[in-house]
file input.pdb (PDB, C-alpha atoms, pLDDT in the B column)
ATOM      1  CA  GLN W  22      33.461 103.763 141.273  1.00 70.00           C
ATOM      2  CA  GLN W  23      36.643 102.177 142.569  1.00 79.00           C
ATOM      3  CA  GLN W  24      39.286 102.688 139.910  1.00 90.00           C
ATOM      4  CA  VAL W  25      41.748 100.344 141.574  1.00 95.00           C
ATOM      5  CA  LYS W  26      40.596  97.209 143.373  1.00 96.00           C
ATOM      6  CA  GLN W  27      42.875  95.744 146.019  1.00 97.00           C
ATOM      7  CA  SER W  28      42.828  92.403 147.795  1.00 97.00           C
ATOM      8  CA  PRO W  29      42.997  90.940 150.330  1.00 97.00           C
ATOM      9  CA  GLN W  30      41.782  93.415 152.939  1.00 96.00           C
ATOM     10  CA  SER W  31      43.971  91.769 155.554  1.00 97.00           C
ATOM     11  CA  LEU W  32      46.760  89.254 155.474  1.00 98.00           C
ATOM     12  CA  ILE W  33      48.590  87.270 158.130  1.00 98.00           C
ATOM     13  CA  VAL W  34      51.916  85.713 157.210  1.00 98.00           C
ATOM     14  CA  GLN W  35      54.515  83.812 159.177  1.00 98.00           C
ATOM     15  CA  LYS W  36      57.962  85.307 159.505  1.00 98.00           C
ATOM     16  CA  GLY W  37      60.060  84.248 156.534  1.00 98.00           C
ATOM     17  CA  GLY W  38      57.047  83.658 154.337  1.00 98.00           C
ATOM     18  CA  ILE W  39      55.953  85.452 151.185  1.00 98.00           C
ATOM     19  CA  SER W  40      53.276  88.135 151.378  1.00 98.00           C
ATOM     20  CA  ILE W  41      51.299  88.744 148.206  1.00 98.00           C
ATOM     21  CA  ILE W  42      48.911  91.640 147.671  1.00 98.00           C
ATOM     22  CA  ASN W  43      46.973  92.033 144.457  1.00 98.00           C
ATOM     23  CA  CYS W  44      45.498  94.985 142.603  1.00 98.00           C
ATOM     24  CA  ALA W  45      43.420  95.275 139.458  1.00 98.00           C
ATOM     25  CA  TYR W  46      42.472  98.224 137.317  1.00 96.00           C
ATOM     26  CA  GLU W  47      40.221  98.926 134.356  1.00 92.00           C
ATOM     27  CA  ASN W  48      41.549 102.099 132.799  1.00 91.00           C
ATOM     28  CA  THR W  49      44.234 101.232 130.255  1.00 92.00           C
ATOM     29  CA  ALA W  50      45.391 104.854 130.257  1.00 90.00           C
ATOM     30  CA  PHE W  51      47.084 104.334 133.622  1.00 92.00           C
ATOM     31  CA  ASP W  52      50.819 104.171 133.178  1.00 89.00           C
ATOM     32  CA  TYR W  53      52.334 104.482 136.621  1.00 90.00           C
ATOM     33  CA  PHE W  54      51.677 102.024 139.431  1.00 94.00           C
ATOM     34  CA  PRO W  55      53.211 102.732 142.854  1.00 94.00           C
ATOM     35  CA  TRP W  56      52.903 100.873 146.125  1.00 96.00           C
ATOM     36  CA  TYR W  57      52.863 102.645 149.467  1.00 96.00           C
ATOM     37  CA  GLN W  58      53.551 101.369 152.975  1.00 97.00           C
ATOM     38  CA  GLN W  59      51.869 103.023 155.928  1.00 96.00           C
ATOM     39  CA  PHE W  60      52.580 102.505 159.615  1.00 95.00           C
ATOM     40  CA  PRO W  61      49.997 103.545 162.229  1.00 92.00           C
ATOM     41  CA  GLY W  62      49.967 107.282 162.829  1.00 91.00           C
ATOM     42  CA  LYS W  63      52.240 107.999 159.865  1.00 93.00           C
ATOM     43  CA  GLY W  64      51.748 109.068 156.290  1.00 94.00           C
ATOM     44  CA  PRO W  65      52.184 106.532 153.471  1.00 95.00           C
ATOM     45  CA  ALA W  66      55.715 106.080 152.183  1.00 94.00           C
ATOM     46  CA  LEU W  67      56.538 105.258 148.577  1.00 92.00           C
ATOM     47  CA  LEU W  68      57.831 101.694 148.531  1.00 95.00           C
ATOM     48  CA  ILE W  69      58.276 100.708 144.909  1.00 95.00           C
ATOM     49  CA  ALA W  70      56.689 101.602 141.585  1.00 93.00           C
ATOM     50  CA  ILE W  71      56.450 100.231 138.068  1.00 93.00           C
ATOM     51  CA  ARG W  72      55.519 101.381 134.599  1.00 90.00           C
ATOM     52  CA  PRO W  73      53.704  99.086 132.160  1.00 90.00           C
ATOM     53  CA  ASP W  74      56.664  98.652 129.834  1.00 90.00           C
ATOM     54  CA  VAL W  75      58.167  96.076 132.205  1.00 93.00           C
ATOM     55  CA  SER W  76      56.608  92.976 133.732  1.00 95.00           C
ATOM     56  CA  GLU W  77      58.571  92.908 136.953  1.00 96.00           C
ATOM     57  CA  LYS W  78      60.559  95.213 139.187  1.00 96.00           C
ATOM     58  CA  LYS W  79      62.530  94.151 142.220  1.00 97.00           C
ATOM     59  CA  GLU W  80      63.968  96.246 145.030  1.00 95.00           C
ATOM     60  CA  GLY W  81      65.435  94.202 147.836  1.00 97.00           C
ATOM     61  CA  ARG W  82      62.739  91.945 149.278  1.00 97.00           C
ATOM     62  CA  PHE W  83      59.966  93.797 147.438  1.00 98.00           C
ATOM     63  CA  THR W  84      58.875  92.842 143.920  1.00 97.00           C
ATOM     64  CA  ILE W  85      56.101  94.185 141.728  1.00 97.00           C
ATOM     65  CA  SER W  86      54.702  91.828 139.124  1.00 97.00           C
ATOM     66  CA  PHE W  87      52.764  93.506 136.344  1.00 97.00           C
ATOM     67  CA  ASN W  88      50.393  91.805 133.910  1.00 96.00           C
ATOM     68  CA  LYS W  89      49.325  94.342 131.323  1.00 94.00           C
ATOM     69  CA  SER W  90      46.924  92.065 129.444  1.00 95.00           C
ATOM     70  CA  ALA W  91      45.114  91.106 132.642  1.00 96.00           C
ATOM     71  CA  LYS W  92      45.288  94.672 134.000  1.00 96.00           C
ATOM     72  CA  GLN W  93      46.637  93.399 137.261  1.00 97.00           C
ATOM     73  CA  PHE W  94      49.686  94.074 139.374  1.00 97.00           C
ATOM     74  CA  SER W  95      50.847  92.625 142.628  1.00 98.00           C
ATOM     75  CA  LEU W  96      53.312  93.251 145.417  1.00 98.00           C
ATOM     76  CA  HIS W  97      55.396  90.355 146.681  1.00 98.00           C
ATOM     77  CA  ILE W  98      57.290  90.667 149.954  1.00 98.00           C
ATOM     78  CA  MET W  99      59.873  87.924 150.234  1.00 98.00           C
ATOM     79  CA  ASP W 100      61.179  86.702 153.602  1.00 98.00           C
ATOM     80  CA  SER W 101      58.497  88.727 155.387  1.00 98.00           C
ATOM     81  CA  GLN W 102      59.552  90.201 158.722  1.00 98.00           C
ATOM     82  CA  PRO W 103      57.536  91.475 161.704  1.00 97.00           C
ATOM     83  CA  GLY W 104      58.783  94.957 160.832  1.00 97.00           C
ATOM     84  CA  ASP W 105      56.894  94.682 157.530  1.00 98.00           C
ATOM     85  CA  SER W 106      53.605  94.671 159.459  1.00 98.00           C
ATOM     86  CA  ALA W 107      51.818  97.727 158.072  1.00 97.00           C
ATOM     87  CA  THR W 108      49.065  98.742 155.697  1.00 97.00           C
ATOM     88  CA  TYR W 109      49.916  98.624 152.023  1.00 98.00           C
ATOM     89  CA  PHE W 110      48.193 100.658 149.329  1.00 97.00           C
ATOM     90  CA  CYS W 111      48.478 100.203 145.601  1.00 97.00           C
ATOM     91  CA  ALA W 112      47.793 103.135 143.315  1.00 94.00           C
ATOM     92  CA  ALA W 113      47.594 104.094 139.665  1.00 94.00           C
ATOM     93  CA  SER W 114      47.950 107.337 137.767  1.00 90.00           C
ATOM     94  CA  TYR W 115      48.227 108.797 134.304  1.00 81.00           C
ATOM     95  CA  ASN W 116      51.485 110.145 132.941  1.00 64.00           C
ATOM     96  CA  THR W 117      49.898 113.449 132.057  1.00 58.00           C
ATOM     97  CA  GLY W 118      47.151 113.376 134.628  1.00 55.00           C
ATOM     98  CA  ASN W 119      46.827 115.027 137.944  1.00 70.00           C
ATOM     99  CA  GLN W 120      45.236 112.313 139.996  1.00 82.00           C
ATOM    100  CA  PHE W 121      46.274 109.213 141.851  1.00 88.00           C
ATOM    101  CA  TYR W 122      43.758 106.446 142.418  1.00 91.00           C
ATOM    102  CA  PHE W 123      44.336 104.329 145.504  1.00 93.00           C
ATOM    103  CA  GLY W 124      43.271 100.838 146.419  1.00 95.00           C
ATOM    104  CA  THR W 125      41.450 100.274 149.682  1.00 94.00           C
ATOM    105  CA  GLY W 126      44.525  99.008 151.480  1.00 96.00           C
ATOM    106  CA  THR W 127      45.770  95.698 152.882  1.00 97.00           C
ATOM    107  CA  SER W 128      46.645  95.288 156.523  1.00 97.00           C
ATOM    108  CA  LEU W 129      49.626  92.943 156.729  1.00 98.00           C
ATOM    109  CA  THR W 130      50.583  91.224 159.950  1.00 98.00           C
ATOM    110  CA  VAL W 131      53.764  89.181 160.045  1.00 98.00           C
ATOM    111  CA  ILE W 132      53.848  86.895 163.050  1.00 97.00           C
ATOM    112  CA  PRO W 133      57.157  85.738 164.530  1.00 93.00           C
TER
ATOM    113  CA  GLY K  27      63.259 109.666 148.561  1.00 67.00           C
ATOM    114  CA  ALA K  28      61.872 113.159 148.646  1.00 80.00           C
ATOM    115  CA  VAL K  29      60.666 114.766 151.865  1.00 90.00           C
ATOM    116  CA  VAL K  30      57.293 116.316 152.507  1.00 94.00           C
ATOM    117  CA  SER K  31      57.090 118.056 155.847  1.00 96.00           C
ATOM    118  CA  GLN K  32      53.674 118.325 157.479  1.00 97.00           C
ATOM    119  CA  HIS K  33      52.983 120.304 160.645  1.00 97.00           C
ATOM    120  CA  PRO K  34      51.689 119.994 163.220  1.00 97.00           C
ATOM    121  CA  SER K  35      51.745 116.240 163.687  1.00 96.00           C
ATOM    122  CA  TRP K  36      48.905 116.467 166.167  1.00 96.00           C
ATOM    123  CA  VAL K  37      46.637 119.204 167.401  1.00 97.00           C
ATOM    124  CA  ILE K  38      43.863 119.449 169.954  1.00 97.00           C
ATOM    125  CA  CYS K  39      41.473 122.347 169.704  1.00 95.00           C
ATOM    126  CA  LYS K  40      38.184 123.534 171.098  1.00 96.00           C
ATOM    127  CA  SER K  41      35.011 123.320 169.081  1.00 96.00           C
ATOM    128  CA  GLY K  42      34.463 126.462 166.997  1.00 96.00           C
ATOM    129  CA  THR K  43      38.114 127.339 166.555  1.00 96.00           C
ATOM    130  CA  SER K  44      40.145 127.130 163.361  1.00 97.00           C
ATOM    131  CA  VAL K  45      43.189 125.004 162.771  1.00 97.00           C
ATOM    132  CA  LYS K  46      45.838 125.413 160.085  1.00 97.00           C
ATOM    133  CA  ILE K  47      47.895 122.495 158.794  1.00 97.00           C
ATOM    134  CA  GLU K  48      51.002 123.184 156.765  1.00 97.00           C
ATOM    135  CA  CYS K  49      52.523 120.995 154.059  1.00 96.00           C
ATOM    136  CA  ARG K  50      55.934 121.717 152.560  1.00 95.00           C
ATOM    137  CA  SER K  51      57.942 119.900 149.923  1.00 92.00           C
ATOM    138  CA  LEU K  52      61.514 120.283 151.137  1.00 92.00           C
ATOM    139  CA  ASP K  53      63.644 119.154 148.234  1.00 88.00           C
ATOM    140  CA  PHE K  54      61.463 119.401 145.186  1.00 88.00           C
ATOM    141  CA  GLN K  55      58.886 121.643 143.593  1.00 88.00           C
ATOM    142  CA  ALA K  56      55.294 120.486 143.623  1.00 87.00           C
ATOM    143  CA  THR K  57      52.863 122.042 141.206  1.00 82.00           C
ATOM    144  CA  THR K  58      50.156 119.802 142.611  1.00 89.00           C
ATOM    145  CA  MET K  59      49.393 118.923 146.200  1.00 92.00           C
ATOM    146  CA  PHE K  60      46.626 116.699 147.493  1.00 94.00           C
ATOM    147  CA  TRP K  61      44.856 116.644 150.840  1.00 96.00           C
ATOM    148  CA  TYR K  62      43.421 113.435 152.232  1.00 95.00           C
ATOM    149  CA  ARG K  63      41.429 112.443 155.244  1.00 96.00           C
ATOM    150  CA  GLN K  64      41.832 109.022 156.769  1.00 94.00           C
ATOM    151  CA  PHE K  65      39.693 107.311 159.378  1.00 90.00           C
ATOM    152  CA  PRO K  66      41.124 104.500 161.502  1.00 87.00           C
ATOM    153  CA  LYS K  67      41.883 101.371 159.518  1.00 84.00           C
ATOM    154  CA  GLN K  68      40.428 102.876 156.358  1.00 88.00           C
ATOM    155  CA  SER K  69      41.754 104.010 153.035  1.00 89.00           C
ATOM    156  CA  LEU K  70      42.761 107.495 151.975  1.00 92.00           C
ATOM    157  CA  MET K  71      39.860 109.754 151.159  1.00 92.00           C
ATOM    158  CA  LEU K  72      40.818 112.512 148.752  1.00 92.00           C
ATOM    159  CA  MET K  73      39.462 115.851 149.913  1.00 95.00           C
ATOM    160  CA  ALA K  74      40.909 118.263 147.391  1.00 94.00           C
ATOM    161  CA  THR K  75      43.574 118.862 144.806  1.00 92.00           C
ATOM    162  CA  SER K  76      45.471 122.113 144.856  1.00 90.00           C
ATOM    163  CA  ASN K  77      47.546 123.594 142.093  1.00 86.00           C
ATOM    164  CA  GLU K  78      50.019 126.372 142.755  1.00 83.00           C
ATOM    165  CA  GLY K  79      48.508 129.754 142.105  1.00 81.00           C
ATOM    166  CA  SER K  80      44.984 128.574 141.442  1.00 84.00           C
ATOM    167  CA  LYS K  81      41.904 127.589 143.401  1.00 87.00           C
ATOM    168  CA  ALA K  82      41.716 124.114 144.820  1.00 91.00           C
ATOM    169  CA  THR K  83      39.424 121.507 143.330  1.00 92.00           C
ATOM    170  CA  TYR K  84      37.295 119.861 145.987  1.00 95.00           C
ATOM    171  CA  GLU K  85      35.873 116.364 145.868  1.00 93.00           C
ATOM    172  CA  GLN K  86      32.143 115.895 146.013  1.00 93.00           C
ATOM    173  CA  GLY K  87      30.820 116.238 149.521  1.00 93.00           C
ATOM    174  CA  VAL K  88      33.776 118.229 150.856  1.00 95.00           C
ATOM    175  CA  GLU K  89      32.782 121.692 152.076  1.00 94.00           C
ATOM    176  CA  LYS K  90      35.167 124.179 150.522  1.00 92.00           C
ATOM    177  CA  ASP K  91      34.177 126.906 152.984  1.00 94.00           C
ATOM    178  CA  LYS K  92      35.050 124.653 155.876  1.00 96.00           C
ATOM    179  CA  PHE K  93      38.284 123.229 154.523  1.00 96.00           C
ATOM    180  CA  LEU K  94      40.210 126.166 153.104  1.00 95.00           C
ATOM    181  CA  ILE K  95      43.173 125.256 150.963  1.00 94.00           C
ATOM    182  CA  ASN K  96      45.872 127.649 149.883  1.00 91.00           C
ATOM    183  CA  HIS K  97      48.729 126.657 147.576  1.00 89.00           C
ATOM    184  CA  ALA K  98      50.737 129.845 147.598  1.00 83.00           C
ATOM    185  CA  SER K  99      54.022 128.556 146.254  1.00 89.00           C
ATOM    186  CA  LEU K 100      55.588 125.540 144.568  1.00 89.00           C
ATOM    187  CA  THR K 101      56.627 124.179 147.953  1.00 91.00           C
ATOM    188  CA  LEU K 102      53.833 125.124 150.334  1.00 93.00           C
ATOM    189  CA  SER K 103      50.175 124.276 150.712  1.00 94.00           C
ATOM    190  CA  THR K 104      47.990 124.842 153.752  1.00 95.00           C
ATOM    191  CA  LEU K 105      44.709 123.373 154.896  1.00 97.00           C
ATOM    192  CA  THR K 106      42.641 125.378 157.341  1.00 97.00           C
ATOM    193  CA  VAL K 107      39.788 123.660 159.109  1.00 97.00           C
ATOM    194  CA  THR K 108      37.451 126.515 159.990  1.00 96.00           C
ATOM    195  CA  SER K 109      35.039 126.416 162.914  1.00 96.00           C
ATOM    196  CA  ALA K 110      36.112 122.902 163.756  1.00 96.00           C
ATOM    197  CA  HIS K 111      33.641 120.503 165.325  1.00 96.00           C
ATOM    198  CA  PRO K 112      34.146 117.075 166.907  1.00 96.00           C
ATOM    199  CA  GLU K 113      33.091 115.357 163.679  1.00 95.00           C
ATOM    200  CA  ASP K 114      36.089 116.970 161.972  1.00 96.00           C
ATOM    201  CA  SER K 115      38.402 114.964 164.217  1.00 96.00           C
ATOM    202  CA  SER K 116      40.468 112.792 161.917  1.00 95.00           C
ATOM    203  CA  PHE K 117      43.903 112.082 160.490  1.00 96.00           C
ATOM    204  CA  TYR K 118      44.709 114.535 157.706  1.00 97.00           C
ATOM    205  CA  ILE K 119      47.500 113.797 155.246  1.00 97.00           C
ATOM    206  CA  CYS K 120      48.963 115.923 152.495  1.00 96.00           C
ATOM    207  CA  SER K 121      50.873 114.715 149.485  1.00 94.00           C
ATOM    208  CA  ALA K 122      52.877 116.436 146.803  1.00 92.00           C
ATOM    209  CA  ARG K 123      53.506 115.441 143.230  1.00 88.00           C
ATOM    210  CA  ALA K 124      57.029 116.275 142.101  1.00 83.00           C
ATOM    211  CA  ALA K 125      57.212 118.574 139.118  1.00 78.00           C
ATOM    212  CA  ASP K 126      60.897 118.193 138.398  1.00 73.00           C
ATOM    213  CA  SER K 127      63.805 115.803 138.298  1.00 64.00           C
ATOM    214  CA  PRO K 128      64.850 113.519 139.958  1.00 66.00           C
ATOM    215  CA  PHE K 129      61.434 112.749 141.469  1.00 68.00           C
ATOM    216  CA  TYR K 130      59.394 113.727 138.440  1.00 69.00           C
ATOM    217  CA  GLU K 131      55.720 112.719 138.678  1.00 73.00           C
ATOM    218  CA  LYS K 132      56.176 110.700 141.857  1.00 83.00           C
ATOM    219  CA  LEU K 133      53.836 111.313 144.758  1.00 87.00           C
ATOM    220  CA  PHE K 134      55.178 111.780 148.269  1.00 91.00           C
ATOM    221  CA  PHE K 135      53.221 112.043 151.492  1.00 94.00           C
ATOM    222  CA  GLY K 136      53.578 114.076 154.617  1.00 96.00           C
ATOM    223  CA  SER K 137      53.584 112.377 157.998  1.00 96.00           C
ATOM    224  CA  GLY K 138      49.998 113.327 158.733  1.00 96.00           C
ATOM    225  CA  THR K 139      48.212 115.464 161.304  1.00 97.00           C
ATOM    226  CA  GLN K 140      45.936 113.984 163.936  1.00 97.00           C
ATOM    227  CA  LEU K 141      43.239 116.538 164.700  1.00 97.00           C
ATOM    228  CA  SER K 142      41.137 116.150 167.819  1.00 97.00           C
ATOM    229  CA  VAL K 143      38.316 118.639 168.345  1.00 96.00           C
ATOM    230  CA  LEU K 144      36.914 118.791 171.865  1.00 95.00           C
TER
END
call {"tool": "encode", "arguments": {"input": "input.pdb", "output": "structure tokens"}}
result
Amino acid sequence: QQQVKQSPQSLIVQKGGISIINCAYENTAFDYFPWYQQFPGKGPALLIAIRPDVSEKKEGRFTISFNKSAKQFSLHIMDSQPGDSATYFCAASYNTGNQFYFGTGTSLTVIP
Amino acid sequence: GAVVSQHPSWVICKSGTSVKIECRSLDFQATTMFWYRQFPKQSLMLMATSNEGSKATYEQGVEKDKFLINHASLTLSTLTVTSAHPEDSSFYICSARAADSPFYEKLFFGSGTQLSVL
């Protein structure tokens, strides 16, 4: 059973555009929601994360929007650049738990 | 961010030999480390969870006698692929969950190991 559902599977965006990746979860016990960026042949790198007590978190061009009632969260990449082309994974975990649940990943391609 | 060092980054071995992959958290203590396997253009597949000083917990379908995990200290976990076969060829990634400030509870990944078994 997929604990975290991620969409779309792939995304193509023009340079300067906004990339939006969505994730949904069912378990209301989750209280930590990170996003990871992975380049080919490399391990995932923590990009940005949010807890459910806030609805939005912004770090540079990256913003997480969190909708607790809908059990959804999304990553927005503003002014997308070719260097942002990578695979993005959302994840969820419990505060006291010992497990991270990952989405299936989104392959982002930013074309010049 | 915190650094997780994973070595080697790539390894080629003959069928039947064993390969050890090392995962170290360099600037934080990790009571829990995770090992993943990733096939090209696919998501992370959790293989096992290891807690310092105790036996690893393996996911269903993962052979614990084939993939030996040792988490000997708060900063080091190793994965040994025993009697490797071509079907074990894959990208293996470790991750470590920080147990203390300032990275408390965050999960950081190593750079991965590409294993090719001939």
call {"tool": "closest_residue", "arguments": {"input": "input.pdb", "among": "W:Leu129, W:Val75, W:Leu67, W:Ala107", "to": "chain K", "atoms": "all atoms listed in the file"}}
result
W:Leu67
call {"tool": "interface_residues", "arguments": {"input": "input.pdb", "of": "chain K", "to": "chain W", "cutoff": "9 Å", "atoms": "only C-alpha atoms", "output": "list in words"}}
result
Gly27, Thr58, Phe60, Pro66, Lys67, Gln68, Ser69, Leu70, Thr75, Phe117, Ile119, Cys120, Ser121, Arg123, Glu131, Lys132, Leu133, Phe134, Phe135, Gly136, Ser137, Gly138, Thr139 and Gln140 of chain K
call {"tool": "closest_residue", "arguments": {"input": "input.pdb", "among": "K:Gln55, K:Thr106, K:Ser116, K:Ser99", "to": "K:Leu141", "atoms": "only C-alpha atoms"}}
result
K:Ser116
call {"tool": "axis_aligned_box", "arguments": {"input": "input.pdb", "around": "stretch 39-55 of chain W", "padding_each_side": "5 Å", "output": "JSON"}}
result
{"center_x": 48.1, "center_y": 95.2, "center_z": 140.8, "size_x": 25.7, "size_y": 29.4, "size_z": 31.1}
call {"tool": "resolve_selection", "arguments": {"input": "input.pdb", "expression": "the PyMOL selection byres ((chain W and resi 79) around 10)", "output": "ChimeraX atom specification"}}
result
/W:69-71,77-78,80-86,96-98
call {"tool": "closest_residue", "arguments": {"input": "input.pdb", "among": "K:Val143, K:Tyr118, K:Thr108, K:Thr57", "to": "K:Leu72", "atoms": "all atoms listed in the file"}}
result
K:Tyr118
call {"tool": "residues_around", "arguments": {"input": "input.pdb", "residues": "K:Leu100", "least_positions_apart": "3", "cutoff": "12 Å", "atoms": "only C-alpha atoms", "output": "CSV table (one decimal) with C-alpha atoms, in the frame of the given file"}}
result
chain,number,residue,atom,x,y,z
K,49,CYS,CA,52.5,121.0,154.1
K,50,ARG,CA,55.9,121.7,152.6
K,51,SER,CA,57.9,119.9,149.9
K,52,LEU,CA,61.5,120.3,151.1
K,53,ASP,CA,63.6,119.2,148.2
K,54,PHE,CA,61.5,119.4,145.2
K,55,GLN,CA,58.9,121.6,143.6
K,56,ALA,CA,55.3,120.5,143.6
K,57,THR,CA,52.9,122.0,141.2
K,58,THR,CA,50.2,119.8,142.6
K,59,MET,CA,49.4,118.9,146.2
K,76,SER,CA,45.5,122.1,144.9
K,77,ASN,CA,47.5,123.6,142.1
K,78,GLU,CA,50.0,126.4,142.8
K,79,GLY,CA,48.5,129.8,142.1
K,80,SER,CA,45.0,128.6,141.4
K,96,ASN,CA,45.9,127.6,149.9
K,97,HIS,CA,48.7,126.7,147.6
K,103,SER,CA,50.2,124.3,150.7
K,104,THR,CA,48.0,124.8,153.8
K,122,ALA,CA,52.9,116.4,146.8
K,123,ARG,CA,53.5,115.4,143.2
K,124,ALA,CA,57.0,116.3,142.1
K,125,ALA,CA,57.2,118.6,139.1
K,126,ASP,CA,60.9,118.2,138.4
call {"tool": "closest_residue", "arguments": {"input": "input.pdb", "among": "W:Thr130, W:Phe87, W:Arg72, W:Ala45", "to": "W:Ser101", "atoms": "all atoms listed in the file"}}
result
W:Thr130
call {"tool": "closest_residue", "arguments": {"input": "input.pdb", "among": "W:Ser40, W:Ser106, W:Ser31, W:Glu47", "to": "W:Phe60", "atoms": "all atoms listed in the file"}}
result
W:Ser106
call {"tool": "atom_distance", "arguments": {"input": "input.pdb", "atom1": "atom CA of K:Ala110", "atom2": "atom CA of K:Ser44"}}
result
5.9 Å
call {"tool": "closest_residue", "arguments": {"input": "input.pdb", "among": "W:Ala113, W:Gly37, W:Gln58, W:Ile132", "to": "W:Gln24", "atoms": "only C-alpha atoms"}}
result
W:Ala113
call {"tool": "atom_distance", "arguments": {"input": "input.pdb", "atom1": "atom CA of K:Val45", "atom2": "atom CA of K:Pro112"}}
result
12.7 Å
call {"tool": "resolve_selection", "arguments": {"input": "input.pdb", "expression": "the PyMOL selection byres ((chain K and resi 91-93) around 8)", "output": "ChimeraX atom specification"}}
result
/K:88-90,94-95,105-109
call {"tool": "atom_distance", "arguments": {"input": "input.pdb", "atom1": "atom CA of W:Ile42", "atom2": "atom CA of W:Asp100"}}
result
14.5 Å
